[in-house]
Amino acid sequence: MAVDDIRRIRTVGLLAEGGAGKTSLGEAMLYAAGATTRQGRVEDGSSVFDFEPEEIRRKITLSTGFHSLTWKRHHVFVVDPPGYANFLADTRYAMEALGSAVFVASPNGHLKVESERIWGWANDLNLPRLVCISRADREEGTLAQALAEMTRVLEAKLVPIQVPIGSQANFRGVVDLLTMKALLFQGDNGAVQEQDIPAEVQGDADEYREKLVEAVAETNDDLLARYLEGGEISTQELRQGLREAVVASSLFPVVYVSGLRGAGIQPLLDAIVEYLPSPVDRPAVAGTNPKTHEAAERKPDPAAPFSARIFKTLESPTGKLSVFVVTSGKVDSDTVVHNATRDTKERLGQLFHMDGKKQVPVTSAMAGEVIAVTKLKDTHTGDTLCDEKALFVLPPLMEFAPVISFALGLKSRGDEEKIMSSLHRLGEEDAALKVGRDTQNNDILLSGAGQLHVEVIVEKLKRRYGVDVELKAPKVPYRETITAKADAQGRLKKQTGGRGQFGDTWIRIEPLPRGKGFEFVDEIKGGAIPRQYIPSVEKGVIQALARGFLAGYPMVDVRVALYDGSYHDVDSSDLAFQIAGSYGVQNAIEKARPVLLEPVMVIEVAVPEENIGDITGDLNRRRGRLLSVEAKGHTEIIKAAVPMSEILTYAPDLRSMTSGRGTFQMEFSHYEEVPHHLVEKIVQEAKQAQAEHGHAAH
Ligand SMILES: Nc1nc2c(ncn2[C@@H]2O[C@H](COP(=O)(O)OP(=O)(O)O)[C@@H](O)[C@H]2O)c(=O)[nH]1
Ligand SMILES: [Mg+2]
């Protein structure tokens with residue numbers, strides 16, 4: 001359906017940790033609004049949001065889904081992002097497109113760390129939110145418990161606008177605290193029938209009505225004065241005051257549903273159109289002028305110059321699909337726009353709304369609309385598109401550093417080019433995927449947000465591009481260095497038949513501070529080695545350092561000085577001096593007490609406070625060094641420096657230690673010497689790997 005009145009647009013995300021019931025709720029909303037003819041289910045793979053085979057197989061959302069619905073002449077863009085930690089980059093980017101959200105929680109109010117993180121992002125983005133308690137047909141918990149728990153963790157002003165009638169199997173309706181009427185569930189499409197409030201919930205209803213009036217009055221001076229003087233506040237004034245408070249993100253109304261059963265969905269849709277903002281209720285967005293770098297802003301007003309953010313890229317049967325939300329102004333199909341991030345022109349062809357995997361053509365779009373276009377030339381996730389005559393660029397999207405790397409085992413060498421190009425295409429739609437190379441054996445390294453993430457990438461490689469790879473154990477990029485200064489001779493003298501080979505070098509090696517890499521110093525005086533052979537020596541030295549000494553890992557943080565040597569008029573050559581240089585440095589290293597270095601990560605673990613003892617104890621056993629422990633609400637944030645080798649497969653361990661409630665992120669910090677008692681094992685393993693590698697090559 002074309003959208004004509006911007007005040008009737010809602011761009012709503014379903015937000016929460018994985019498993020909260022977002023996708024099921026989205027399906028119930030579509031069905032209740034008549035956008036679908038039957039309610040799709042995650043469990044049987046019939047959800048229009050989770051249509052990718054990798055999602056259906058796992059029964060979880062891996063990538064944001066989209067669908068529109070129409071409710072009471074409003075056009076609602078429903079955005080359904082993932083909630084699991086491995087896929088939160090997609091969630092964050094989708095949130096940049098939203099105008100508001102429905103935050104999904106459970107009847108006991110317990111929130112996992114992902115939910116807290118997402119709530120925090122919603123605060124950063126200033127997103128108005130309804131809190132929707134779902135799964136009320138199945139799970140235990142009273143309204144008072146849910147409120148207490150969520151208020152404690154989120155530190156937000158939650159205010160029920162409904163109280164539930166019955167719970168679990170007996171959950172059969174809600175009291176609407178604005179009309180003070182019971183709404184009893186009818187059928188499976190979210191419909192309700194209005195009745196008088198049953199006696200059993202009258203007490204709750206009166207109590208929460210009073211709290212609602214008070215909460216709204218507190219946000220509005222006029223209403224507050226009247227409330228304190230005991231004056232009457234009409235239901236109309238209450239609605240108006242509530243809407244303003246919600247739009248300003250100062251109150252978060254709480255409602256009850258069962259997504260799976262479709263119970264209470266029509267009142268939820270009513271609340272979405274009544275209380276959540278339209279694009280014009282949202283503040284201007286801040287950015288800059290890419291030419292002058294001056295601060296600029298754009299109002300979400302159809303009359304403002306056009307600007308839009310690409311927040312997602314995906315592959316579809318019709319080619320690359322770029323998804324953007326219009327941040328200001330209006331745009332038509334077949335328009336030339338400016339890519340302000342890359343300073344290039346881009347032609348938008350046909351504009352589409354997305355209904356699951358279906359694309360619905362539209363002729364134009366205005367602020368708040370979620371739009372897909374195909375086959376953009378050089379436009380990528382995060383880019384800003386704008387009017388050619390009114391340049392404007394939005395700030396870059398949040399970066400997500402990878403936390404785990406796997407080497408890829410190829411079924412055949414010839415596949416390599418195909419793998420790289422396939423990975424490049426997957427990288428287009430997945431900002432958390434990074435591709436690199438192992439410096440030791442040139443293996444392709446796949447890095448991502450966690451093991452599950454990388455496994456999903458491998459599945460997509462196979463399904464979409466027919467590329468079959470296996471994941472090798474995660475790799476630790478060890479390094480080598482020396483701890484003492486030493487010097488040695490490196491000499492090559494060969495006399496085989498005709499012309500001989502001669503090169504002679506004296507080399508000194510000394511340690512440099514961590515992170516300094518490599519320095520080569522030429523201290524040759526009086527032509528002991530002719531000028532033209534000095535770069536040859538350096539080349540030989542570099543090659544020898546790259547091959548390592550103890551376990552074949554690159555040697556770093558050394559200064560190598562060439563201070564003497566000799567040559568032969570006929571037998572000296574570039575190659576002879578390369579070899580002599582490499583001999584010299586190897587001989588010197590042997591005397592310079594070489595050691596192994598290992599990468600150390602800084603990890604930040606967020607866990608419920610009751611787990612803190614287990615987590616710090618476990619980090620200790622992993623040779624971790626505690627840096628800080630900080631309470632954030634009822635979550636503890638533990639920061640520690642831990643050797644990478646000890647924390648390669650942390651995700652499943654953390655999951656089992658915290659019953660799935662902990663999350664972590666980590667990044668590389670620095671290199672440190674491997675403790676003596678561990679060196680031998682690493683050296684043995686490296687030698688074995690090299691031997692196998694060598695055999696494989698034959
Ligand atoms: N009984 C019941 N189960 C639900 C409800 N909502 C979701 N579920 C189930 O909870 C699981 C996770 O739901 P899903 O919608 O995929 O959650 P998401 O990860 O937040 O999108 C699925 O097995 C659903 O069938 C509900 O309202 N009632
Ligand atoms: Mg989902």
# chains A, B, ... in the order shown; residues from 1 in each chain; ligands from 1
>>> residues_around(residues="Ala641 (chain A)", least_positions_apart="6", cutoff="8 Å", atoms="only C-alpha atoms", output="number ranges by chain")
A: 600-603, 624-627, 669
>>> residues_around(residues="Arg508 (chain A)", least_positions_apart="3", cutoff="7 Å", atoms="only C-alpha atoms", output="JSON, numbers by chain")
{"A": [486, 487, 488, 560, 561, 562, 588]}
>>> write_last_selection(atoms="N, CA, C and O atoms", output="PDB file, in the first residue's frame")
ATOM      1  N   ALA A 486      73.226 -10.402  20.909  1.00  0.00           N
ATOM      2  CA  ALA A 486      74.239 -11.391  20.525  1.00  0.00           C
ATOM      3  C   ALA A 486      74.730 -11.086  19.117  1.00  0.00           C
ATOM      4  O   ALA A 486      74.059 -10.403  18.355  1.00  0.00           O
ATOM      5  N   ASP A 487      75.942 -11.575  18.795  1.00  0.00           N
ATOM      6  CA  ASP A 487      76.364 -11.444  17.411  1.00  0.00           C
ATOM      7  C   ASP A 487      76.968 -12.741  16.899  1.00  0.00           C
ATOM      8  O   ASP A 487      77.347 -13.615  17.686  1.00  0.00           O
ATOM      9  N   ALA A 488      77.009 -12.854  15.586  1.00  0.00           N
ATOM     10  CA  ALA A 488      77.459 -14.117  14.998  1.00  0.00           C
ATOM     11  C   ALA A 488      77.842 -13.897  13.542  1.00  0.00           C
ATOM     12  O   ALA A 488      77.458 -12.913  12.917  1.00  0.00           O
ATOM     13  N   VAL A 560      68.446  -5.625  13.843  1.00  0.00           N
ATOM     14  CA  VAL A 560      69.522  -6.419  13.272  1.00  0.00           C
ATOM     15  C   VAL A 560      70.535  -5.461  12.637  1.00  0.00           C
ATOM     16  O   VAL A 560      70.159  -4.625  11.819  1.00  0.00           O
ATOM     17  N   ALA A 561      71.773  -5.581  13.067  1.00  0.00           N
ATOM     18  CA  ALA A 561      72.809  -4.719  12.493  1.00  0.00           C
ATOM     19  C   ALA A 561      73.795  -5.586  11.716  1.00  0.00           C
ATOM     20  O   ALA A 561      74.246  -6.630  12.200  1.00  0.00           O
ATOM     21  N   LEU A 562      74.125  -5.151  10.498  1.00  0.00           N
ATOM     22  CA  LEU A 562      75.171  -5.787   9.705  1.00  0.00           C
ATOM     23  C   LEU A 562      76.412  -4.933   9.892  1.00  0.00           C
ATOM     24  O   LEU A 562      76.440  -3.775   9.474  1.00  0.00           O
ATOM     25  N   ALA A 588      72.958 -15.762  15.228  1.00  0.00           N
ATOM     26  CA  ALA A 588      72.892 -14.777  16.308  1.00  0.00           C
ATOM     27  C   ALA A 588      71.686 -15.048  17.217  1.00  0.00           C
ATOM     28  O   ALA A 588      71.782 -14.973  18.439  1.00  0.00           O
TER      29      ALA A 588
END
>>> residues_near_ligand(ligand="ligand 1", cutoff="7 Å", atoms="only C-alpha atoms and all ligand atoms", output="count of residues only")
28
>>> closest_residue(among="A:Gln266, A:Ser582, A:Thr635, A:Ser63", to="ligand 2", atoms="only C-alpha atoms and all ligand atoms")
A:Ser63
>>> select_by_dssp(residues="region 395-597 of chain A", states="strand (DSSP E)", output="ChimeraX atom specification")
/A:404-410,434-437,444-448,469-474,479-482,486-494,501-511,518-522,558-566,594-597
>>> residues_around(residues="Thr344 (chain A)", least_positions_apart="4", cutoff="12 Å", atoms="only C-alpha atoms", output="JSON list (two decimals) with N, CA and C atoms, in the first residue's frame")
[["chain", "number", "residue", "atom", "x", "y", "z"],
["A", 290, "PRO", "N", 29.39, 16.94, 3.93],
["A", 290, "PRO", "CA", 30.64, 16.24, 3.62],
["A", 290, "PRO", "C", 31.67, 17.15, 2.93],
["A", 336, "VAL", "N", 18.27, 9.89, -9.56],
["A", 336, "VAL", "CA", 19.71, 9.91, -9.31],
["A", 336, "VAL", "C", 19.94, 10.64, -7.99],
["A", 337, "VAL", "N", 20.66, 9.99, -7.08],
["A", 337, "VAL", "CA", 20.95, 10.60, -5.78],
["A", 337, "VAL", "C", 22.46, 10.63, -5.60],
["A", 338, "HIS", "N", 22.88, 11.23, -4.50],
["A", 338, "HIS", "CA", 24.31, 11.32, -4.22],
["A", 338, "HIS", "C", 24.63, 10.36, -3.08],
["A", 339, "ASN", "N", 25.70, 9.58, -3.24],
["A", 339, "ASN", "CA", 26.19, 8.80, -2.11],
["A", 339, "ASN", "C", 27.20, 9.69, -1.38],
["A", 340, "ALA", "N", 26.77, 10.26, -0.25],
["A", 340, "ALA", "CA", 27.57, 11.28, 0.43],
["A", 340, "ALA", "C", 28.76, 10.66, 1.15],
["A", 376, "LEU", "N", 22.47, -1.51, -6.61],
["A", 376, "LEU", "CA", 23.22, -0.26, -6.49],
["A", 376, "LEU", "C", 24.67, -0.57, -6.87],
["A", 377, "LYS", "N", 25.29, 0.41, -7.50],
["A", 377, "LYS", "CA", 26.61, 0.22, -8.10],
["A", 377, "LYS", "C", 27.70, 0.11, -7.02],
["A", 378, "ASP", "N", 27.80, 1.16, -6.22],
["A", 378, "ASP", "CA", 28.89, 1.21, -5.24],
["A", 378, "ASP", "C", 28.38, 1.84, -3.95],
["A", 379, "THR", "N", 27.37, 1.22, -3.37],
["A", 379, "THR", "CA", 26.79, 1.73, -2.13],
["A", 379, "THR", "C", 26.72, 0.57, -1.16],
["A", 383, "ASP", "N", 26.26, 3.60, 4.39],
["A", 383, "ASP", "CA", 26.38, 4.80, 3.55],
["A", 383, "ASP", "C", 25.15, 5.70, 3.68],
["A", 384, "THR", "N", 25.39, 6.99, 3.49],
["A", 384, "THR", "CA", 24.29, 7.96, 3.44],
["A", 384, "THR", "C", 24.02, 8.32, 1.99],
["A", 385, "LEU", "N", 22.76, 8.28, 1.60],
["A", 385, "LEU", "CA", 22.34, 8.80, 0.30],
["A", 385, "LEU", "C", 21.68, 10.14, 0.54],
["A", 386, "CYS", "N", 21.85, 11.07, -0.38],
["A", 386, "CYS", "CA", 21.19, 12.36, -0.19],
["A", 386, "CYS", "C", 20.91, 13.02, -1.52],
["A", 387, "ASP", "N", 20.16, 14.10, -1.43],
["A", 387, "ASP", "CA", 19.85, 14.95, -2.56],
["A", 387, "ASP", "C", 21.16, 15.53, -3.10],
["A", 388, "GLU", "N", 21.34, 15.47, -4.43],
["A", 388, "GLU", "CA", 22.58, 15.99, -5.02],
["A", 388, "GLU", "C", 22.80, 17.46, -4.72],
["A", 391, "LEU", "N", 23.93, 18.38, 0.17],
["A", 391, "LEU", "CA", 24.80, 17.30, 0.64],
["A", 391, "LEU", "C", 24.73, 17.16, 2.16]]
>>> residues_around(residues="Leu654 (chain A)", least_positions_apart="4", cutoff="8 Å", atoms="only C-alpha atoms", output="count of residues only")
6
>>> closest_residue(among="A:His670, A:Arg10, A:Arg58, A:Arg152", to="ligand 2", atoms="only C-alpha atoms and all ligand atoms")
A:Arg58
>>> closest_residue(among="A:Gly436, A:Gly517, A:Gly382, A:Pro395", to="Leu408 (chain A)", atoms="only C-alpha atoms")
A:Gly436
